[in-house]
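The structure file coords.txt is reproduced below (compact mmCIF, N, CA and C atoms).
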```txt
# COMPACT_ATOMS: atom_id res chain seq x y z
N MET A 1 -2.08 14.57 -11.76
CA MET A 1 -1.04 14.09 -10.87
C MET A 1 -1.57 13.98 -9.43
N ARG A 2 -2.38 14.95 -9.03
CA ARG A 2 -2.89 14.91 -7.66
C ARG A 2 -3.85 13.74 -7.47
N ILE A 3 -4.63 13.41 -8.49
CA ILE A 3 -5.55 12.28 -8.41
C ILE A 3 -4.76 10.98 -8.33
N ALA A 4 -3.70 10.89 -9.11
CA ALA A 4 -2.86 9.69 -9.08
C ALA A 4 -2.21 9.52 -7.72
N SER A 5 -1.77 10.62 -7.14
CA SER A 5 -1.15 10.56 -5.82
C SER A 5 -2.14 10.09 -4.77
N ARG A 6 -3.35 10.65 -4.80
CA ARG A 6 -4.37 10.26 -3.83
C ARG A 6 -4.80 8.81 -4.03
N THR A 7 -4.91 8.38 -5.28
CA THR A 7 -5.29 7.00 -5.56
C THR A 7 -4.24 6.03 -5.06
N CYS A 8 -2.98 6.33 -5.33
CA CYS A 8 -1.89 5.47 -4.84
C CYS A 8 -1.87 5.42 -3.32
N LEU A 9 -2.08 6.53 -2.69
CA LEU A 9 -2.09 6.56 -1.23
C LEU A 9 -3.28 5.78 -0.67
N PHE A 10 -4.44 5.93 -1.28
CA PHE A 10 -5.62 5.19 -0.85
C PHE A 10 -5.40 3.68 -0.96
N LEU A 11 -4.87 3.24 -2.10
CA LEU A 11 -4.60 1.82 -2.30
C LEU A 11 -3.52 1.31 -1.33
N ALA A 12 -2.53 2.14 -1.05
CA ALA A 12 -1.48 1.75 -0.12
C ALA A 12 -2.05 1.53 1.28
N VAL A 13 -2.97 2.39 1.70
CA VAL A 13 -3.58 2.23 3.03
C VAL A 13 -4.43 0.96 3.08
N ILE A 14 -5.20 0.70 2.03
CA ILE A 14 -6.03 -0.51 1.98
C ILE A 14 -5.14 -1.76 2.04
N LEU A 15 -4.09 -1.78 1.24
CA LEU A 15 -3.20 -2.95 1.22
C LEU A 15 -2.45 -3.11 2.54
N ALA A 16 -2.06 -2.01 3.16
CA ALA A 16 -1.38 -2.10 4.45
C ALA A 16 -2.31 -2.65 5.52
N ALA A 17 -3.57 -2.25 5.48
CA ALA A 17 -4.54 -2.78 6.44
C ALA A 17 -4.75 -4.27 6.22
N PHE A 18 -4.81 -4.70 4.97
CA PHE A 18 -4.94 -6.13 4.67
C PHE A 18 -3.71 -6.89 5.13
N ALA A 19 -2.53 -6.32 4.90
CA ALA A 19 -1.30 -6.99 5.32
C ALA A 19 -1.25 -7.11 6.84
N TYR A 20 -1.67 -6.07 7.54
CA TYR A 20 -1.70 -6.14 9.00
C TYR A 20 -2.67 -7.22 9.46
N TRP A 21 -3.86 -7.24 8.87
CA TRP A 21 -4.84 -8.25 9.25
C TRP A 21 -4.32 -9.65 8.96
N GLY A 22 -3.72 -9.84 7.81
CA GLY A 22 -3.25 -11.17 7.41
C GLY A 22 -2.08 -11.69 8.20
N THR A 23 -1.29 -10.80 8.76
CA THR A 23 -0.09 -11.26 9.49
C THR A 23 -0.20 -11.12 10.99
N SER A 24 -1.06 -10.25 11.48
CA SER A 24 -1.05 -9.94 12.91
C SER A 24 -2.28 -10.39 13.69
N THR A 25 -3.29 -10.87 13.02
CA THR A 25 -4.48 -11.30 13.74
C THR A 25 -4.65 -12.81 13.63
N VAL A 26 -5.36 -13.38 14.57
CA VAL A 26 -5.57 -14.82 14.58
C VAL A 26 -6.38 -15.24 13.35
N GLY A 27 -7.43 -14.49 13.05
CA GLY A 27 -8.26 -14.80 11.88
C GLY A 27 -7.48 -14.73 10.58
N GLY A 28 -6.62 -13.74 10.48
CA GLY A 28 -5.80 -13.59 9.27
C GLY A 28 -4.78 -14.70 9.13
N ARG A 29 -4.19 -15.10 10.24
CA ARG A 29 -3.21 -16.19 10.17
C ARG A 29 -3.89 -17.52 9.86
N LYS A 30 -5.14 -17.69 10.30
CA LYS A 30 -5.88 -18.91 9.95
C LYS A 30 -6.24 -18.91 8.47
N ALA A 31 -6.66 -17.76 7.96
CA ALA A 31 -7.06 -17.67 6.56
C ALA A 31 -5.87 -17.83 5.61
N TYR A 32 -4.72 -17.35 6.02
CA TYR A 32 -3.52 -17.41 5.17
C TYR A 32 -2.42 -18.14 5.91
N ASP A 33 -2.49 -19.45 5.90
CA ASP A 33 -1.46 -20.24 6.57
C ASP A 33 -0.48 -20.79 5.53
N GLU A 34 0.65 -21.25 5.97
CA GLU A 34 1.72 -21.85 5.17
C GLU A 34 2.09 -20.97 3.97
N MET A 35 2.04 -21.51 2.76
CA MET A 35 2.49 -20.76 1.58
C MET A 35 1.54 -19.61 1.24
N ALA A 36 0.27 -19.73 1.59
CA ALA A 36 -0.67 -18.65 1.32
C ALA A 36 -0.37 -17.43 2.18
N GLY A 37 0.44 -17.62 3.22
CA GLY A 37 0.85 -16.50 4.07
C GLY A 37 1.70 -15.47 3.36
N MET A 38 2.18 -15.83 2.16
CA MET A 38 2.97 -14.88 1.38
C MET A 38 2.09 -13.76 0.80
N ILE A 39 0.79 -14.01 0.68
CA ILE A 39 -0.11 -13.02 0.09
C ILE A 39 -0.16 -11.74 0.92
N PRO A 40 -0.36 -11.82 2.26
CA PRO A 40 -0.34 -10.57 3.03
C PRO A 40 1.02 -9.87 3.02
N TRP A 41 2.09 -10.63 2.99
CA TRP A 41 3.42 -10.00 2.93
C TRP A 41 3.62 -9.29 1.59
N GLY A 42 3.13 -9.90 0.51
CA GLY A 42 3.19 -9.24 -0.80
C GLY A 42 2.35 -7.98 -0.84
N ALA A 43 1.19 -8.03 -0.19
CA ALA A 43 0.35 -6.84 -0.12
C ALA A 43 1.04 -5.73 0.67
N GLY A 44 1.74 -6.10 1.73
CA GLY A 44 2.48 -5.11 2.51
C GLY A 44 3.60 -4.47 1.70
N LEU A 45 4.31 -5.29 0.94
CA LEU A 45 5.38 -4.76 0.09
C LEU A 45 4.81 -3.84 -0.99
N LEU A 46 3.70 -4.26 -1.59
CA LEU A 46 3.07 -3.43 -2.61
C LEU A 46 2.55 -2.12 -2.02
N SER A 47 2.09 -2.15 -0.77
CA SER A 47 1.62 -0.92 -0.15
C SER A 47 2.77 0.07 0.06
N VAL A 48 3.94 -0.43 0.37
CA VAL A 48 5.11 0.44 0.51
C VAL A 48 5.48 1.06 -0.84
N VAL A 49 5.46 0.24 -1.88
CA VAL A 49 5.78 0.74 -3.22
C VAL A 49 4.77 1.80 -3.65
N LEU A 50 3.48 1.56 -3.39
CA LEU A 50 2.46 2.54 -3.76
C LEU A 50 2.57 3.81 -2.93
N ALA A 51 2.95 3.69 -1.67
CA ALA A 51 3.13 4.89 -0.84
C ALA A 51 4.28 5.73 -1.37
N VAL A 52 5.35 5.08 -1.78
CA VAL A 52 6.49 5.82 -2.36
C VAL A 52 6.07 6.48 -3.66
N CYS A 53 5.31 5.78 -4.49
CA CYS A 53 4.80 6.38 -5.74
C CYS A 53 3.91 7.58 -5.44
N ALA A 54 3.09 7.48 -4.41
CA ALA A 54 2.22 8.60 -4.04
C ALA A 54 3.05 9.81 -3.62
N ILE A 55 4.09 9.57 -2.85
CA ILE A 55 4.95 10.69 -2.42
C ILE A 55 5.64 11.33 -3.61
N ILE A 56 6.13 10.50 -4.53
CA ILE A 56 6.83 11.03 -5.70
C ILE A 56 5.88 11.82 -6.59
N THR A 57 4.67 11.28 -6.85
CA THR A 57 3.74 12.00 -7.71
C THR A 57 3.24 13.28 -7.04
N TRP A 58 3.06 13.27 -5.73
CA TRP A 58 2.67 14.49 -5.01
C TRP A 58 3.77 15.55 -5.14
N TRP A 59 5.01 15.12 -4.97
CA TRP A 59 6.14 16.04 -5.07
C TRP A 59 6.26 16.61 -6.48
N LEU A 60 6.09 15.75 -7.50
CA LEU A 60 6.16 16.23 -8.87
C LEU A 60 5.03 17.21 -9.18
N ALA A 61 3.84 16.93 -8.69
CA ALA A 61 2.72 17.84 -8.93
C ALA A 61 2.96 19.18 -8.28
N LYS A 62 3.49 19.16 -7.07
CA LYS A 62 3.79 20.41 -6.36
C LYS A 62 4.88 21.19 -7.08
N ARG A 63 5.87 20.47 -7.59
CA ARG A 63 6.99 21.10 -8.29
C ARG A 63 6.50 21.72 -9.62
N MET A 64 5.62 21.00 -10.34
CA MET A 64 5.12 21.51 -11.61
C MET A 64 4.21 22.73 -11.40
N ARG A 65 3.49 22.78 -10.29
CA ARG A 65 2.61 23.90 -10.00
C ARG A 65 3.40 25.18 -9.75
N ARG A 66 4.57 25.05 -9.13
CA ARG A 66 5.40 26.23 -8.84
C ARG A 66 6.09 26.76 -10.07
N ALA A 67 6.38 25.88 -11.03
CA ALA A 67 7.15 26.29 -12.20
C ALA A 67 6.39 27.09 -13.20
```
Could you write out this structure as structure tokens?
Amino acid sequence: MRIASRTCLFLAVILAAFAYWGTSTVGGRKAYDEMAGMIPWGAGLLSVVLAVCAIITWWLAKRMRRA
């Protein structure tokens, strides 16, 4: 469970950095213009989902360790 939590958190950080680059920098906006601009937004949404999964798996692992 702890490995899954760390993996989800690591992937969430990577995807959030990509989403920031794709939406907030000049180079990112050039690379992903018009409809392709949905890719960084999708990565940002997926990073939020993975961060929530990391929090849930961390909480479950901590709860199982105490029991």
Revision key, fill the gap. Counting only N, CA and C atoms, closest pick from A:Leu9, A:Lys30, A:Phe18, A:Ile3 relative to Gly44 of chain A is A:Phe18
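Atom to atom, atom CA of Leu60 of chain A and atom CA of Leu11 of chain A stand 19.1 Å apart.
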Practice item. Identify which of the residues A:Ile56, A:Ala61, A:Val26, A:Val48 lies closest to Val13 of chain A, counting only N, CA and C atoms when measuring atom-to-atom distances. Key: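 Of the candidates, the smallest distance to Val13 of chain A is held by A:Val48.
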**Study point:** Shell of 6.5 Å around Thr57 of chain A, only N, CA and C atoms, local chain residues under 6 positions omitted, as number ranges by chain
**Key:** A: 1-2, 4-5
Revision key, fill the gap. In Å and to one decimal, atom N of Ala19 of chain A is distant from atom CA of Ile55 of chain A by 20.0 Å
Review point. Could you work out how far atom CA of Ala43 of chain A lies from atom CA of Ala16 of chain A, giving the answer in Å with one decimal?
Key: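 Calculated distance between atom CA of Ala16 of chain A and atom CA of Ala43 of chain A is 6.8 Å.
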**Study point:** Top pick for closest residue to Gly22 of chain A, considering A:Cys8, A:Leu46, A:Ile39, A:Cys53 and counting all atoms listed in the file
**Key:** A:Ile39
Check your understanding: Of the candidates A:Ala51, A:Tyr32, A:Met64, A:Trp59, which one gets nearest to Ile14 of chain A if we count only C-alpha atoms?
Key ->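 Smallest distance to Ile14 of chain A is found for A:Ala51.
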Point to revise | Among the residues A:Met38, A:Arg65, A:Ser47, A:Arg29, the one that comes closest to Ala17 of chain A [using all atoms listed in the file] | key: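 The closest residue to Ala17 of chain A is A:Ser47.
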Review point. From the list A:Trp21, A:Arg6, A:Ala12, A:Asp33, which residue is nearest Val49 of chain A when using only C-alpha atoms?
Key: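 Closest residue, counting only C-alpha atoms: A:Ala12.
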